[in-house]
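Here is the file target.tsv (TSV, C-alpha atoms and all ligand atoms).
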chain	number	residue	atom	x	y	z
A	22	MET	CA	22.43	76.30	72.57
A	23	ASN	CA	24.57	79.16	71.25
A	24	GLU	CA	28.07	77.84	70.54
A	25	ASN	CA	29.59	80.68	72.59
A	26	THR	CA	27.51	79.83	75.65
A	27	PRO	CA	29.41	77.72	78.20
A	28	VAL	CA	28.03	74.25	78.83
A	29	ARG	CA	26.96	73.90	82.46
A	30	ILE	CA	27.83	70.50	83.91
A	31	ALA	CA	26.61	69.67	87.42
A	32	VAL	CA	28.28	66.97	89.50
A	33	LEU	CA	26.41	64.62	91.82
A	34	LEU	CA	28.59	62.81	94.38
A	35	GLY	CA	27.84	59.34	95.72
A	36	SER	CA	30.24	59.54	98.69
A	37	LEU	CA	29.54	61.59	101.80
A	38	ARG	CA	33.07	61.47	103.21
A	39	GLU	CA	34.87	64.75	103.75
A	40	LYS	CA	38.14	63.25	102.43
A	41	SER	CA	36.39	61.25	99.73
A	42	GLN	CA	38.58	60.25	96.80
A	43	HIS	CA	35.57	60.63	94.52
A	44	ALA	CA	35.05	64.14	95.86
A	45	ALA	CA	38.67	64.85	94.93
A	46	VAL	CA	37.91	63.63	91.40
A	47	ALA	CA	34.82	65.85	91.28
A	48	ARG	CA	36.79	68.87	92.52
A	49	ALA	CA	39.45	68.28	89.86
A	50	LEU	CA	36.99	68.29	86.96
A	51	GLN	CA	37.00	72.04	86.34
A	52	SER	CA	40.77	72.04	85.84
A	53	ILE	CA	40.49	69.19	83.32
A	54	ALA	CA	37.49	70.49	81.39
A	55	ASP	CA	37.74	72.65	78.30
A	56	ARG	CA	37.28	76.39	78.76
A	57	ASP	CA	33.74	76.29	77.36
A	58	VAL	CA	32.55	74.16	80.28
A	59	GLU	CA	31.41	75.33	83.73
A	60	ILE	CA	31.46	72.67	86.44
A	61	GLN	CA	29.22	73.02	89.48
A	62	ILE	CA	29.38	70.46	92.30
A	63	LEU	CA	25.87	69.96	93.64
A	64	ASP	CA	25.07	70.14	97.36
A	65	SER	CA	25.78	66.93	99.26
A	66	ILE	CA	23.01	64.36	99.34
A	67	ALA	CA	23.78	63.81	103.06
A	68	ALA	CA	20.73	65.86	104.04
A	69	PHE	CA	18.28	63.69	102.07
A	70	PRO	CA	15.99	61.76	104.47
A	71	HIS	CA	15.22	58.11	103.79
A	72	TYR	CA	12.63	57.99	101.05
A	73	ASN	CA	9.16	57.71	102.55
A	74	ALA	CA	5.96	58.30	100.57
A	75	ASP	CA	4.30	59.69	103.71
A	76	VAL	CA	6.99	62.38	103.94
A	77	GLN	CA	6.54	63.09	100.23
A	78	ALA	CA	2.77	63.43	100.75
A	79	ASP	CA	3.45	66.22	103.26
A	80	GLY	CA	5.67	67.96	100.72
A	81	PHE	CA	9.10	67.28	99.21
A	82	PRO	CA	11.96	68.12	101.61
A	83	GLN	CA	13.64	71.42	100.74
A	84	CYS	CA	16.94	69.69	99.86
A	85	VAL	CA	15.15	67.54	97.29
A	86	VAL	CA	13.36	70.54	95.76
A	87	ALA	CA	16.66	72.44	95.57
A	88	MET	CA	18.37	69.47	93.93
A	89	GLY	CA	15.57	69.19	91.38
A	90	LYS	CA	15.92	72.88	90.52
A	91	ALA	CA	19.70	72.61	90.15
A	92	LEU	CA	19.31	69.56	87.90
A	93	GLN	CA	16.74	71.33	85.75
A	94	GLU	CA	19.03	74.32	85.33
A	95	THR	CA	22.11	72.35	84.30
A	96	ASP	CA	22.85	71.33	80.71
A	97	ALA	CA	24.39	68.00	81.71
A	98	LEU	CA	25.24	65.93	84.75
A	99	VAL	CA	28.22	63.85	85.87
A	100	ILE	CA	27.62	61.30	88.61
A	101	VAL	CA	30.85	60.49	90.48
A	102	THR	CA	30.44	57.59	92.86
A	103	PRO	CA	32.11	54.66	94.56
A	104	GLU	CA	30.80	51.11	94.26
A	105	TYR	CA	29.35	49.55	97.40
A	106	ASN	CA	28.83	45.79	97.46
A	107	TYR	CA	28.86	45.53	93.69
A	108	SER	CA	26.24	48.26	93.29
A	109	VAL	CA	25.35	51.90	93.84
A	110	PRO	CA	25.81	53.27	97.41
A	111	GLY	CA	22.50	53.29	99.27
A	112	VAL	CA	22.69	57.04	99.86
A	113	LEU	CA	22.93	57.69	96.14
A	114	LYS	CA	20.09	55.30	95.32
A	115	ASN	CA	17.99	56.98	98.00
A	116	ALA	CA	18.70	60.42	96.53
A	117	LEU	CA	17.81	59.16	93.06
A	118	ASP	CA	14.60	57.66	94.42
A	119	TRP	CA	13.61	61.08	95.75
A	120	ILE	CA	14.58	62.82	92.51
A	121	SER	CA	12.57	60.27	90.51
A	122	ARG	CA	9.39	61.39	92.30
A	123	LEU	CA	9.74	65.05	91.35
A	124	PRO	CA	6.90	65.92	88.96
A	125	GLU	CA	9.21	67.97	86.72
A	126	ALA	CA	11.36	64.89	85.94
A	127	PRO	CA	14.59	66.96	85.93
A	128	LEU	CA	16.76	64.27	84.34
A	129	SER	CA	14.45	63.44	81.45
A	130	GLY	CA	16.39	63.93	78.23
A	131	LYS	CA	19.41	65.21	80.19
A	132	PRO	CA	22.90	64.12	79.09
A	133	VAL	CA	24.54	62.22	81.94
A	134	ALA	CA	28.04	60.76	82.31
A	135	ILE	CA	29.19	58.36	85.01
A	136	GLN	CA	32.56	58.19	86.76
A	137	THR	CA	33.37	55.44	89.24
A	138	GLY	CA	36.48	54.38	91.07
A	139	SER	CA	37.65	51.61	93.36
A	140	PRO	CA	40.61	50.47	95.41
A	141	GLY	CA	40.75	47.35	93.23
A	142	SER	CA	41.18	46.71	89.55
A	143	ILE	CA	37.57	46.84	88.32
A	144	GLY	CA	37.09	50.57	88.82
A	145	GLY	CA	33.50	50.37	90.05
A	146	ALA	CA	32.22	48.82	86.82
A	147	ARG	CA	29.42	46.90	88.52
A	148	ALA	CA	28.04	50.01	90.22
A	149	GLN	CA	28.33	51.85	86.94
A	150	TYR	CA	26.14	49.39	85.06
A	151	HIS	CA	23.57	49.32	87.86
A	152	LEU	CA	23.47	53.10	87.68
A	153	ARG	CA	22.88	52.94	83.94
A	154	GLN	CA	19.91	50.65	84.56
A	155	ILE	CA	18.46	53.06	87.14
A	156	LEU	CA	18.85	55.97	84.77
A	157	VAL	CA	16.68	54.24	82.16
A	158	PHE	CA	13.69	55.01	84.35
A	159	PHE	CA	14.68	58.68	84.40
A	160	ASN	CA	14.85	58.74	80.59
A	161	ALA	CA	18.32	60.28	80.97
A	162	LYS	CA	20.60	60.33	77.94
A	163	VAL	CA	23.52	58.41	79.39
A	164	LEU	CA	26.79	58.83	77.54
A	165	ASN	CA	28.16	55.44	76.47
A	166	LYS	CA	31.83	56.17	75.84
A	167	PRO	CA	34.42	56.90	76.95
A	168	GLU	CA	33.76	55.09	80.19
A	169	VAL	CA	35.53	56.39	83.29
A	170	MET	CA	36.29	53.53	85.68
A	171	ILE	CA	39.30	54.41	87.82
A	172	SER	CA	41.10	51.39	89.26
A	173	GLN	CA	43.48	51.78	92.23
A	174	LEU	CA	41.85	55.14	92.84
A	175	ALA	CA	43.79	55.99	96.00
A	176	SER	CA	47.05	56.00	94.08
A	177	LYS	CA	45.69	58.35	91.40
A	178	VAL	CA	44.18	61.20	93.43
A	179	ASP	CA	45.47	63.57	96.06
A	180	VAL	CA	42.64	64.33	98.47
A	181	GLU	CA	44.60	67.20	100.06
A	182	SER	CA	45.01	69.19	96.85
A	183	ASN	CA	41.93	67.74	95.08
A	184	THR	CA	43.96	66.79	92.06
A	185	ILE	CA	44.27	63.72	89.88
A	186	THR	CA	47.87	62.60	89.63
A	187	ASP	CA	47.55	59.96	86.89
A	188	LEU	CA	47.89	61.21	83.32
A	189	ALA	CA	45.84	58.43	81.69
A	190	THR	CA	42.97	59.15	84.10
A	191	ILE	CA	43.13	62.88	83.34
A	192	GLU	CA	43.03	62.10	79.63
A	193	VAL	CA	40.03	59.80	79.75
A	194	ILE	CA	38.11	62.21	81.98
A	195	GLY	CA	38.93	65.08	79.61
A	196	ALA	CA	37.68	63.04	76.66
A	197	GLN	CA	34.49	62.11	78.51
A	198	LEU	CA	33.76	65.73	79.48
A	199	ARG	CA	34.27	66.80	75.85
A	200	ALA	CA	31.87	64.08	74.64
A	201	LEU	CA	29.31	65.08	77.29
A	202	ALA	CA	29.56	68.78	76.39
A	203	ALA	CA	29.11	67.91	72.71
A	204	MET	CA	26.04	65.85	73.58
A	205	ALA	CA	24.63	68.75	75.61
A	206	ARG	CA	25.16	71.15	72.72
A	207	GLU	CA	23.16	68.84	70.44
A	208	TYR	CA	20.09	68.92	72.69
B	1	LIG	C1	33.18	49.34	99.56
B	1	LIG	N1	34.17	49.30	98.59
B	1	LIG	C2	33.99	48.58	97.45
B	1	LIG	N2	34.86	48.70	96.38
B	1	LIG	C3	34.62	48.02	95.24
B	1	LIG	O1	35.39	48.15	94.29
B	1	LIG	N3	33.54	47.19	95.12
B	1	LIG	C4	32.65	47.01	96.14
B	1	LIG	O2	31.69	46.29	95.99
B	1	LIG	C5	32.87	47.73	97.34
B	1	LIG	N4	32.01	47.62	98.38
B	1	LIG	C6	32.08	48.48	99.43
B	1	LIG	C7	31.06	48.51	100.37
B	1	LIG	C8	31.11	49.42	101.41
B	1	LIG	C9	29.98	49.49	102.38
B	1	LIG	C10	32.22	50.29	101.53
B	1	LIG	C11	32.28	51.31	102.66
B	1	LIG	C12	33.23	50.26	100.63
B	1	LIG	C13	35.34	50.19	98.70
B	1	LIG	C14	35.03	51.51	98.06
B	1	LIG	O3	35.26	51.42	96.67
B	1	LIG	C15	35.88	52.62	98.63
B	1	LIG	O4	35.55	52.74	100.00
B	1	LIG	C16	35.58	53.89	97.89
B	1	LIG	O5	36.20	53.85	96.63
B	1	LIG	C17	36.02	55.07	98.61
B	1	LIG	O6	35.48	56.17	97.94
B	1	LIG	P1	35.46	57.59	98.64
B	1	LIG	O7	34.51	57.55	99.79
B	1	LIG	O8	36.88	57.86	99.09
B	1	LIG	O9	35.02	58.53	97.57

Could you write out this structure as structure tokens?
Ligand code: FNR
Amino acid sequence: MNENTPVRIAVLLGSLREKSQHAAVARALQSIADRDVEIQILDSIAAFPHYNADVQADGFPQCVVAMGKALQETDALVIVTPEYNYSVPGVLKNALDWISRLPEAPLSGKPVAIQTGSPGSIGGARAQYHLRQILVFFNAKVLNKPEVMISQLASKVDVESNTITDLATIEVIGAQLRALAAMAREY
């Protein structure tokens, strides 16, 4: 990649809620990222049907095809998601299951970073490590550090203005986006 070309980072959201705190994090990323980074929030996964091989046999749903194309076109991906019952939300797993069936394998070799949050003190760590395991199948290049696990998330985001109000969180996210962009430039 030419060093003057902006790095395109797509964002996949694991929460469907309109006033999602994770959506607020995702919407704040562009203001935190360096100027050589373009953030694009991907379409919601709400439209993905439950994975069914019979449906796949009749043709991939249009939303899945569009997601695959967007993932292929991006230089890197950030997955921003809550933790549900110590793991990845079912809707996100379902979307990943669909994406994993796409013949073009859009995440293979793709730099990916993970951001999780929680109302408690663990910051979604358990979901984050499950997600890492899932991404092994995709042959994604998952960034190891810095890890972004936002504890007490509600007190650190403003869902009305889509901003992050906690300086330490802004700093770690900025460092992660820089590391991800550097990884994308290497590939
Ligand atoms: C949760 N939550 C939660 N939090 C956590 O830290 N560990 C967990 O295992 C769970 N489990 C869980 C299951 C289900 C079904 C729900 C609905 C919620 C709380 C969860 O972290 C919180 O709802 C999200 O952080 C909110 O994110 P959004 O939707 O505002 O982005």

(Q) Just want the residues within 6 Å of ligand LIG 1 (chain B), written as a PyMOL selection string, counting all atoms listed in the file. (A) chain A and resi 36+38+41-44+103-107+138-141+145

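For the set A:Ala189, A:Arg153, A:Gly144, A:His71, the residue with the smallest atom-to-atom gap to Ala175 in chain A is A:Gly144, counting all atoms listed in the file.
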
Q: Tell me, in Å to one decimal, how far CA of Asp55 in chain A is from CA of Val163 in chain A.
A: 20.2 Å

(Q) If I take CA of Ala196 in chain A and CA of Gly111 in chain A, how far is one from the other in Å, to one decimal? (A)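 CA of Gly111 in chain A lies 28.9 Å from CA of Ala196 in chain A.
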
**Q.** Length of the CA of Asp179 in chain A to CA of Ala45 in chain A vector [Å]
**A.** 7.0 Å

Q. So which one's closest to Leu37 in chain A, A:Thr186, A:Gln149, A:Thr102, A:Gln173? Using all atoms listed in the file, please.
A. A:Thr102

Residues within 12 Å of (17.7, 63.8, 105.6), file coords, only C-alpha atoms, listed as a compact mmCIF listing (two decimals) with C-alpha atoms, in the frame of the given file:
# COMPACT_ATOMS: atom_id res chain seq x y z
CA SER A 65 25.78 66.93 99.26
CA ILE A 66 23.01 64.36 99.34
CA ALA A 67 23.78 63.81 103.06
CA ALA A 68 20.73 65.86 104.04
CA PHE A 69 18.28 63.69 102.07
CA PRO A 70 15.99 61.76 104.47
CA HIS A 71 15.22 58.11 103.79
CA TYR A 72 12.63 57.99 101.05
CA ASN A 73 9.16 57.71 102.55
CA VAL A 76 6.99 62.38 103.94
CA PHE A 81 9.10 67.28 99.21
CA PRO A 82 11.96 68.12 101.61
CA GLN A 83 13.64 71.42 100.74
CA CYS A 84 16.94 69.69 99.86
CA VAL A 85 15.15 67.54 97.29
CA VAL A 112 22.69 57.04 99.86
CA ASN A 115 17.99 56.98 98.00
CA ALA A 116 18.70 60.42 96.53
CA TRP A 119 13.61 61.08 95.75

As JSON, please: the centre and edge lengths in Å, to one decimal, of an axis-aligned box enclosing every listed atom of range 121-132 of chain A with 4 Å added on each side.
{"center_x": 14.9, "center_y": 64.1, "center_z": 85.3, "size_x": 24.0, "size_y": 15.7, "size_z": 22.1}

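Compared by their closest atoms to Asp57 in chain A, and using only C-alpha atoms, the residues A:Gln77, A:Ser129, A:Asn25, A:Gln154 rank with A:Asn25 nearest.
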
(Q) I need the residue nearest Tyr208 in chain A from this list: A:Pro110, A:Gly195, A:Gly130, A:Pro124. Use all atoms listed in the file for the distance. (A) A:Gly130

(Q) Using only C-alpha atoms, list the residues that have an atom at most 8 Å from (33.2, 58.9, 90.3), coordinates as in the file, as a list in words. (A) Leu34, Gly35, His43, Ala44, Val46, Ala47, Ile100, Val101, Thr102, Pro103, Ile135, Gln136, Thr137, Gly138, Val169, Met170 and Ile171 of chain A

Could you save the residues just selected, with C-alpha atoms, as an mmCIF file, in the coordinates of the input?
data_model
loop_
_atom_site.group_PDB
_atom_site.id
_atom_site.type_symbol
_atom_site.label_atom_id
_atom_site.label_comp_id
_atom_site.auth_asym_id
_atom_site.auth_seq_id
_atom_site.Cartn_x
_atom_site.Cartn_y
_atom_site.Cartn_z
ATOM 1 C CA LEU A 34 28.590 62.810 94.380
ATOM 2 C CA GLY A 35 27.840 59.340 95.720
ATOM 3 C CA HIS A 43 35.570 60.630 94.520
ATOM 4 C CA ALA A 44 35.050 64.140 95.860
ATOM 5 C CA VAL A 46 37.910 63.630 91.400
ATOM 6 C CA ALA A 47 34.820 65.850 91.280
ATOM 7 C CA ILE A 100 27.620 61.300 88.610
ATOM 8 C CA VAL A 101 30.850 60.490 90.480
ATOM 9 C CA THR A 102 30.440 57.590 92.860
ATOM 10 C CA PRO A 103 32.110 54.660 94.560
ATOM 11 C CA ILE A 135 29.190 58.360 85.010
ATOM 12 C CA GLN A 136 32.560 58.190 86.760
ATOM 13 C CA THR A 137 33.370 55.440 89.240
ATOM 14 C CA GLY A 138 36.480 54.380 91.070
ATOM 15 C CA VAL A 169 35.530 56.390 83.290
ATOM 16 C CA MET A 170 36.290 53.530 85.680
ATOM 17 C CA ILE A 171 39.300 54.410 87.820
#

Q) Any idea what's packed within 10 Å of Asn165 in chain A, counting all atoms listed in the file, ignoring anything in its chain fewer than 6 positions away? Could you give it as a ChimeraX atom specification? A) /A:133-135,153,197,200-201

Starting from the sparse input, extend range 51-74 of chain A to N, CA, C and O atoms and give the output as a PDB file, in the frame of the given file.
ATOM      1  N   GLN A  51      36.941  70.739  87.016  1.00  0.00           N
ATOM      2  CA  GLN A  51      37.000  72.040  86.340  1.00  0.00           C
ATOM      3  C   GLN A  51      38.379  72.279  85.712  1.00  0.00           C
ATOM      4  O   GLN A  51      38.478  72.863  84.618  1.00  0.00           O
ATOM      5  N   SER A  52      39.413  71.804  86.372  1.00  0.00           N
ATOM      6  CA  SER A  52      40.770  72.040  85.840  1.00  0.00           C
ATOM      7  C   SER A  52      41.055  71.156  84.623  1.00  0.00           C
ATOM      8  O   SER A  52      41.976  71.440  83.855  1.00  0.00           O
ATOM      9  N   ILE A  53      40.280  70.093  84.460  1.00  0.00           N
ATOM     10  CA  ILE A  53      40.490  69.190  83.320  1.00  0.00           C
ATOM     11  C   ILE A  53      39.619  69.601  82.133  1.00  0.00           C
ATOM     12  O   ILE A  53      39.997  69.424  80.978  1.00  0.00           O
ATOM     13  N   ALA A  54      38.456  70.178  82.445  1.00  0.00           N
ATOM     14  CA  ALA A  54      37.490  70.490  81.390  1.00  0.00           C
ATOM     15  C   ALA A  54      37.981  71.591  80.459  1.00  0.00           C
ATOM     16  O   ALA A  54      38.814  72.419  80.842  1.00  0.00           O
ATOM     17  N   ASP A  55      37.442  71.573  79.242  1.00  0.00           N
ATOM     18  CA  ASP A  55      37.740  72.650  78.300  1.00  0.00           C
ATOM     19  C   ASP A  55      37.189  73.966  78.834  1.00  0.00           C
ATOM     20  O   ASP A  55      36.324  74.000  79.712  1.00  0.00           O
ATOM     21  N   ARG A  56      37.649  75.058  78.248  1.00  0.00           N
ATOM     22  CA  ARG A  56      37.280  76.390  78.760  1.00  0.00           C
ATOM     23  C   ARG A  56      35.809  76.727  78.537  1.00  0.00           C
ATOM     24  O   ARG A  56      35.285  77.641  79.159  1.00  0.00           O
ATOM     25  N   ASP A  57      35.152  75.995  77.635  1.00  0.00           N
ATOM     26  CA  ASP A  57      33.740  76.290  77.360  1.00  0.00           C
ATOM     27  C   ASP A  57      32.800  75.492  78.275  1.00  0.00           C
ATOM     28  O   ASP A  57      31.614  75.348  77.988  1.00  0.00           O
ATOM     29  N   VAL A  58      33.349  74.974  79.359  1.00  0.00           N
ATOM     30  CA  VAL A  58      32.550  74.160  80.280  1.00  0.00           C
ATOM     31  C   VAL A  58      32.629  74.770  81.690  1.00  0.00           C
ATOM     32  O   VAL A  58      33.709  75.137  82.154  1.00  0.00           O
ATOM     33  N   GLU A  59      31.462  74.862  82.328  1.00  0.00           N
ATOM     34  CA  GLU A  59      31.410  75.330  83.730  1.00  0.00           C
ATOM     35  C   GLU A  59      30.952  74.175  84.599  1.00  0.00           C
ATOM     36  O   GLU A  59      29.850  73.661  84.416  1.00  0.00           O
ATOM     37  N   ILE A  60      31.787  73.782  85.541  1.00  0.00           N
ATOM     38  CA  ILE A  60      31.460  72.670  86.440  1.00  0.00           C
ATOM     39  C   ILE A  60      30.892  73.216  87.746  1.00  0.00           C
ATOM     40  O   ILE A  60      31.457  74.143  88.339  1.00  0.00           O
ATOM     41  N   GLN A  61      29.795  72.629  88.187  1.00  0.00           N
ATOM     42  CA  GLN A  61      29.220  73.020  89.480  1.00  0.00           C
ATOM     43  C   GLN A  61      28.960  71.755  90.300  1.00  0.00           C
ATOM     44  O   GLN A  61      28.163  70.895  89.874  1.00  0.00           O
ATOM     45  N   ILE A  62      29.629  71.629  91.441  1.00  0.00           N
ATOM     46  CA  ILE A  62      29.380  70.460  92.300  1.00  0.00           C
ATOM     47  C   ILE A  62      28.102  70.719  93.094  1.00  0.00           C
ATOM     48  O   ILE A  62      27.963  71.743  93.770  1.00  0.00           O
ATOM     49  N   LEU A  63      27.166  69.805  92.973  1.00  0.00           N
ATOM     50  CA  LEU A  63      25.870  69.960  93.640  1.00  0.00           C
ATOM     51  C   LEU A  63      26.015  69.785  95.149  1.00  0.00           C
ATOM     52  O   LEU A  63      26.959  69.128  95.629  1.00  0.00           O
ATOM     53  N   ASP A  64      25.050  70.314  95.904  1.00  0.00           N
ATOM     54  CA  ASP A  64      25.070  70.140  97.360  1.00  0.00           C
ATOM     55  C   ASP A  64      25.073  68.652  97.703  1.00  0.00           C
ATOM     56  O   ASP A  64      24.485  67.832  96.985  1.00  0.00           O
ATOM     57  N   SER A  65      25.705  68.330  98.817  1.00  0.00           N
ATOM     58  CA  SER A  65      25.780  66.930  99.260  1.00  0.00           C
ATOM     59  C   SER A  65      24.384  66.338  99.430  1.00  0.00           C
ATOM     60  O   SER A  65      23.446  67.028  99.845  1.00  0.00           O
ATOM     61  N   ILE A  66      24.291  65.054  99.143  1.00  0.00           N
ATOM     62  CA  ILE A  66      23.010  64.360  99.340  1.00  0.00           C
ATOM     63  C   ILE A  66      22.866  63.877 100.795  1.00  0.00           C
ATOM     64  O   ILE A  66      21.889  63.193 101.114  1.00  0.00           O
ATOM     65  N   ALA A  67      23.811  64.260 101.658  1.00  0.00           N
ATOM     66  CA  ALA A  67      23.780  63.810 103.060  1.00  0.00           C
ATOM     67  C   ALA A  67      22.496  64.229 103.763  1.00  0.00           C
ATOM     68  O   ALA A  67      22.034  63.545 104.686  1.00  0.00           O
ATOM     69  N   ALA A  68      21.922  65.346 103.344  1.00  0.00           N
ATOM     70  CA  ALA A  68      20.730  65.860 104.040  1.00  0.00           C
ATOM     71  C   ALA A  68      19.438  65.159 103.594  1.00  0.00           C
ATOM     72  O   ALA A  68      18.396  65.344 104.237  1.00  0.00           O
ATOM     73  N   PHE A  69      19.499  64.346 102.543  1.00  0.00           N
ATOM     74  CA  PHE A  69      18.280  63.690 102.070  1.00  0.00           C
ATOM     75  C   PHE A  69      17.777  62.685 103.127  1.00  0.00           C
ATOM     76  O   PHE A  69      18.541  61.807 103.542  1.00  0.00           O
ATOM     77  N   PRO A  70      16.514  62.787 103.554  1.00  0.00           N
ATOM     78  CA  PRO A  70      15.990  61.760 104.470  1.00  0.00           C
ATOM     79  C   PRO A  70      15.788  60.444 103.716  1.00  0.00           C
ATOM     80  O   PRO A  70      15.786  60.423 102.483  1.00  0.00           O
ATOM     81  N   HIS A  71      15.597  59.367 104.446  1.00  0.00           N
ATOM     82  CA  HIS A  71      15.220  58.110 103.790  1.00  0.00           C
ATOM     83  C   HIS A  71      13.922  58.336 103.029  1.00  0.00           C
ATOM     84  O   HIS A  71      12.986  58.955 103.556  1.00  0.00           O
ATOM     85  N   TYR A  72      13.867  57.790 101.822  1.00  0.00           N
ATOM     86  CA  TYR A  72      12.630  57.990 101.050  1.00  0.00           C
ATOM     87  C   TYR A  72      11.445  57.374 101.796  1.00  0.00           C
ATOM     88  O   TYR A  72      11.502  56.232 102.260  1.00  0.00           O
ATOM     89  N   ASN A  73      10.381  58.160 101.880  1.00  0.00           N
ATOM     90  CA  ASN A  73       9.160  57.710 102.550  1.00  0.00           C
ATOM     91  C   ASN A  73       7.995  58.432 101.864  1.00  0.00           C
ATOM     92  O   ASN A  73       7.961  59.675 101.835  1.00  0.00           O
ATOM     93  N   ALA A  74       7.068  57.680 101.301  1.00  0.00           N
ATOM     94  CA  ALA A  74       5.960  58.300 100.570  1.00  0.00           C
ATOM     95  C   ALA A  74       5.090  59.167 101.473  1.00  0.00           C
ATOM     96  O   ALA A  74       4.456  60.120 100.996  1.00  0.00           O
TER      97      ALA A  74
END
